[in-house]
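Asker: Pasting in a structure now, in structure tokens, and then I'll have a few things to ask.
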Amino acid sequence: GKDSLTADERIQKVCDLLQTSVPYYDWVGFYFKNGDKEELKLGKYAGEPTDHEIIPFGKGICGQVAVSNKNFVVPDVKAQNNYIACSIHVKAEIVVPLFKNGENIGQIDIDSHTEDPFSHEDEVFLEWVNERVAEIL
Ligand code: SME
């Protein structure tokens with residue numbers, strides 16, 4: 001039964017469900033703080049493989065969220081100068097930090113092939129998803 005699933009298996013299901021359910025969620029993944037290092041490490045994801053398994057704090061949208069502890073909504077990735085491109089198809093991105101006991105331990109990262117697709121509702125929804133994920137970590 002589902003009680004025997006590991007945290008990684010559950011997170012994979014979350015990625016798969018989000019990516020297949022929301023038409024403008026083309027790549028859905030979780031990055032987590034890599035031990036004591038000032039960097040993020042890619043966890044589970046759904047979508048095309050990415051070269052960016054490790055992202056230093058401060059670099060790209062993800063690295064900035066690791067430092068700011070704030071949601072980062074990017075309606076147009078071409079307008080960002082501190083941005084790490086994963087695919088030429090990506091037009092927009094949203095990154096929402098994941099807190100466990102008040103600590104920023106990672107984030108959900110979503111890439112979209114649609115222009116300017118993310119609203120406040122996505123932020124509220126993804127904050128809720130992260131709270132549920134934090135409970136299983
Ligand atoms: N675009 C991200 C890098 C991660 S890929 O989107 C999966 C960034 O700028 O941090």
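Numbering starts fresh at 1 for the residues of each chain in the structure tokens, the chains themselves are lettered A, B, ... in the order given, and ligands are numbered from 1 as they appear.
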Enumerate, as a ChimeraX atom specification, the complete set of residues in chain A that a backbone-based DSSP assignment places in alpha helix (DSSP H).
Answerer: /A:7-21,60-68,120-136
Asker: What's the 12 Å shell around A:Glu123, counting only C-alpha atoms, without same-chain residues fewer than 6 positions away, as a ChimeraX atom specification?
Answerer: /A:70-74,93-97,108-110,117,129-130
Asker: Let's have the selection written as an mmCIF file, in the first residue's frame, with N, CA and C atoms.
Answerer:
```
data_model
loop_
_atom_site.group_PDB
_atom_site.id
_atom_site.type_symbol
_atom_site.label_atom_id
_atom_site.label_comp_id
_atom_site.auth_asym_id
_atom_site.auth_seq_id
_atom_site.Cartn_x
_atom_site.Cartn_y
_atom_site.Cartn_z
ATOM 1 N N LYS A 70 12.067 33.544 -0.805
ATOM 2 C CA LYS A 70 10.818 34.089 -1.353
ATOM 3 C C LYS A 70 10.456 33.417 -2.685
ATOM 4 N N ASN A 71 9.156 33.350 -2.968
ATOM 5 C CA ASN A 71 8.720 32.880 -4.283
ATOM 6 C C ASN A 71 9.347 33.746 -5.372
ATOM 7 N N PHE A 72 9.647 33.130 -6.506
ATOM 8 C CA PHE A 72 10.186 33.883 -7.646
ATOM 9 C C PHE A 72 9.388 33.463 -8.880
ATOM 10 N N VAL A 73 8.587 34.377 -9.390
ATOM 11 C CA VAL A 73 7.793 34.119 -10.593
ATOM 12 C C VAL A 73 8.443 34.867 -11.748
ATOM 13 N N VAL A 74 8.766 34.133 -12.801
ATOM 14 C CA VAL A 74 9.425 34.712 -13.980
ATOM 15 C C VAL A 74 8.482 34.562 -15.173
ATOM 16 N N GLU A 93 9.049 30.538 -15.705
ATOM 17 C CA GLU A 93 9.456 29.655 -14.609
ATOM 18 C C GLU A 93 8.867 30.172 -13.300
ATOM 19 N N ILE A 94 8.588 29.242 -12.384
ATOM 20 C CA ILE A 94 8.195 29.618 -11.023
ATOM 21 C C ILE A 94 8.971 28.738 -10.050
ATOM 22 N N VAL A 95 9.508 29.376 -9.011
ATOM 23 C CA VAL A 95 10.235 28.648 -7.969
ATOM 24 C C VAL A 95 9.666 29.074 -6.620
ATOM 25 N N VAL A 96 9.260 28.080 -5.817
ATOM 26 C CA VAL A 96 8.653 28.341 -4.502
ATOM 27 C C VAL A 96 9.459 27.584 -3.447
ATOM 28 N N PRO A 97 9.975 28.296 -2.436
ATOM 29 C CA PRO A 97 10.803 27.633 -1.429
ATOM 30 C C PRO A 97 10.016 26.629 -0.583
ATOM 31 N N ILE A 108 10.410 23.865 -4.967
ATOM 32 C CA ILE A 108 9.827 23.275 -6.172
ATOM 33 C C ILE A 108 10.094 24.245 -7.316
ATOM 34 N N ASP A 109 10.489 23.691 -8.462
ATOM 35 C CA ASP A 109 10.842 24.490 -9.636
ATOM 36 C C ASP A 109 9.985 23.996 -10.802
ATOM 37 N N ILE A 110 9.274 24.914 -11.441
ATOM 38 C CA ILE A 110 8.437 24.550 -12.582
ATOM 39 C C ILE A 110 8.787 25.421 -13.778
ATOM 40 N N PRO A 117 2.447 32.239 -17.829
ATOM 41 C CA PRO A 117 1.296 31.398 -17.474
ATOM 42 C C PRO A 117 0.947 31.418 -15.975
ATOM 43 N N VAL A 129 1.435 22.605 -1.773
ATOM 44 C CA VAL A 129 2.125 21.363 -2.149
ATOM 45 C C VAL A 129 3.401 21.206 -1.309
ATOM 46 N N ASN A 130 4.170 22.274 -1.189
ATOM 47 C CA ASN A 130 5.425 22.187 -0.437
ATOM 48 C C ASN A 130 5.189 21.892 1.045
#
```
Asker: Report as CSV the residues of chain A within 10 Å of ligand 1, each with its shortest atom pair and distance in Å (one decimal), using only C-alpha atoms and all ligand atoms, ordered by chain and increasing residue number.
Answerer:
```
residue,atom,partner,partner_atom_place_in_ligand_line,distance
A:Trp27,CA,ligand 1,7 (C),7.2
A:Val28,CA,ligand 1,7 (C),7.9
A:Gly29,CA,ligand 1,7 (C),7.1
A:Phe30,CA,ligand 1,7 (C),9.0
A:Tyr31,CA,ligand 1,4 (C),8.7
A:Leu40,CA,ligand 1,10 (O),9.8
A:Leu42,CA,ligand 1,7 (C),8.4
A:Tyr45,CA,ligand 1,7 (C),8.7
A:Gly47,CA,ligand 1,7 (C),9.2
A:Glu48,CA,ligand 1,7 (C),8.8
A:Pro49,CA,ligand 1,7 (C),8.3
A:Thr50,CA,ligand 1,7 (C),5.9
A:Asp51,CA,ligand 1,7 (C),8.1
A:His52,CA,ligand 1,4 (C),6.1
A:Glu53,CA,ligand 1,4 (C),8.3
A:Ile54,CA,ligand 1,4 (C),9.1
A:Ile55,CA,ligand 1,10 (O),7.2
A:Pro56,CA,ligand 1,10 (O),9.3
A:Phe57,CA,ligand 1,10 (O),9.6
A:Gly58,CA,ligand 1,10 (O),8.9
A:Lys59,CA,ligand 1,10 (O),6.5
A:Gly60,CA,ligand 1,9 (O),3.5
A:Ile61,CA,ligand 1,10 (O),3.7
A:Cys62,CA,ligand 1,10 (O),3.7
A:Gly63,CA,ligand 1,10 (O),5.8
A:Gln64,CA,ligand 1,10 (O),7.5
A:Val65,CA,ligand 1,10 (O),8.5
A:Ala66,CA,ligand 1,10 (O),9.8
A:Val74,CA,ligand 1,9 (O),9.6
A:Val77,CA,ligand 1,1 (N),8.3
A:Gln80,CA,ligand 1,9 (O),8.8
A:Asn81,CA,ligand 1,9 (O),9.4
A:Asn82,CA,ligand 1,9 (O),6.9
A:Tyr83,CA,ligand 1,9 (O),3.9
A:Ile84,CA,ligand 1,9 (O),3.7
A:Ala85,CA,ligand 1,1 (N),5.1
A:Cys86,CA,ligand 1,5 (S),4.7
A:Ser87,CA,ligand 1,6 (O),7.7
A:Val90,CA,ligand 1,6 (O),8.0
A:Ala92,CA,ligand 1,1 (N),8.9
A:Glu93,CA,ligand 1,1 (N),7.0
A:Ile94,CA,ligand 1,6 (O),9.0
A:Val95,CA,ligand 1,10 (O),8.4
A:Ile108,CA,ligand 1,7 (C),10.0
A:Asp109,CA,ligand 1,6 (O),6.7
A:Ile110,CA,ligand 1,6 (O),7.0
A:Asp111,CA,ligand 1,6 (O),5.8
A:Ser112,CA,ligand 1,6 (O),9.2
```
Asker: For each of A:Leu5, A:Val14, A:Val22, A:Ile105, take the minimum atom-to-atom distance to A:Gly35, counting only C-alpha atoms, then give the residue where this is smallest.
Answerer: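 Closest to A:Gly35 of all the choices is A:Ile105.
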Asker: Find the residue from A:Lys91, A:Lys13, A:His120, A:Arg132 that sits nearest to A:Asp26; use only C-alpha atoms when measuring.
Answerer: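 When distances to A:Asp26 are compared using only C-alpha atoms, the smallest one comes from A:Lys91.
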Asker: Of the candidates A:Ala7, A:Lys78, A:Asp36, A:Ala46, which shows the shortest atom-to-atom distance to A:Ser21, using only C-alpha atoms?
Answerer: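 Nearest to A:Ser21: A:Ala46.
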Asker: As a short mmCIF file (atom, residue, chain, number, x, y, z; two decimals) with N, CA and C atoms, in the first residue's frame, please: every residue in stretch 18-91 of chain A that a backbone DSSP assignment puts in strand (DSSP E or B).
Answerer:
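Listing of states.cif after writing:
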```cif
data_model
loop_
_atom_site.label_atom_id
_atom_site.label_comp_id
_atom_site.auth_asym_id
_atom_site.auth_seq_id
_atom_site.Cartn_x
_atom_site.Cartn_y
_atom_site.Cartn_z
N TRP A 27 7.93 21.14 -16.93
CA TRP A 27 8.99 20.46 -16.17
C TRP A 27 8.75 20.79 -14.70
N VAL A 28 8.66 19.74 -13.87
CA VAL A 28 8.38 19.92 -12.44
C VAL A 28 9.43 19.17 -11.65
N GLY A 29 10.18 19.87 -10.82
CA GLY A 29 11.21 19.19 -10.03
C GLY A 29 11.44 19.84 -8.68
N PHE A 30 12.12 19.08 -7.83
CA PHE A 30 12.50 19.58 -6.50
C PHE A 30 14.01 19.63 -6.40
N TYR A 31 14.51 20.76 -5.94
CA TYR A 31 15.91 20.90 -5.54
C TYR A 31 15.97 20.98 -4.02
N PHE A 32 17.04 20.38 -3.46
CA PHE A 32 17.24 20.45 -2.00
C PHE A 32 18.65 20.92 -1.67
N LYS A 33 18.76 21.61 -0.53
CA LYS A 33 20.08 22.01 -0.04
C LYS A 33 20.95 20.77 0.06
N GLU A 39 24.87 25.05 -1.86
CA GLU A 39 24.41 24.70 -3.19
C GLU A 39 23.15 23.85 -3.11
N LEU A 40 22.43 23.81 -4.23
CA LEU A 40 21.24 22.97 -4.36
C LEU A 40 21.58 21.74 -5.18
N LYS A 41 20.91 20.62 -4.84
CA LYS A 41 21.08 19.39 -5.60
C LYS A 41 19.71 18.97 -6.12
N LEU A 42 19.65 18.57 -7.37
CA LEU A 42 18.40 18.14 -7.97
C LEU A 42 17.90 16.86 -7.32
N GLY A 43 16.62 16.85 -6.95
CA GLY A 43 15.98 15.64 -6.46
C GLY A 43 15.13 15.04 -7.56
N LYS A 44 13.93 14.61 -7.21
CA LYS A 44 13.04 14.00 -8.20
C LYS A 44 12.46 15.07 -9.13
N TYR A 45 12.15 14.67 -10.36
CA TYR A 45 11.56 15.60 -11.31
C TYR A 45 10.77 14.83 -12.35
N ALA A 46 9.90 15.55 -13.07
CA ALA A 46 9.17 14.99 -14.22
C ALA A 46 9.39 15.93 -15.39
N ILE A 54 23.46 20.38 -9.96
CA ILE A 54 23.97 21.18 -8.84
C ILE A 54 23.88 22.65 -9.22
N ILE A 55 23.29 23.46 -8.34
CA ILE A 55 23.18 24.90 -8.57
C ILE A 55 23.71 25.64 -7.34
N PRO A 56 24.78 26.42 -7.49
CA PRO A 56 25.31 27.18 -6.34
C PRO A 56 24.30 28.21 -5.85
N PHE A 72 9.65 33.13 -6.51
CA PHE A 72 10.19 33.88 -7.65
C PHE A 72 9.39 33.46 -8.88
N VAL A 73 8.59 34.38 -9.39
CA VAL A 73 7.79 34.12 -10.59
C VAL A 73 8.44 34.87 -11.75
N VAL A 74 8.77 34.13 -12.80
CA VAL A 74 9.42 34.71 -13.98
C VAL A 74 8.48 34.56 -15.17
#
```
Asker: Could you please determine the separation between atom CA of A:Phe118 and atom CA of A:Pro75 in Å, to one decimal place?
Answerer: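 One can read the atom CA of A:Phe118 to atom CA of A:Pro75 distance as 7.1 Å.
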Asker: Could you tell me how far atom CA of A:Ile88 sits from atom CA of A:Glu127, in Å to one decimal place?
Answerer: 27.1 Å
Asker: Between atom CA of A:Ala134 and atom CA of A:Lys100, what is the spacing in Å?
Answerer: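 Those two atoms sit 5.6 Å apart.
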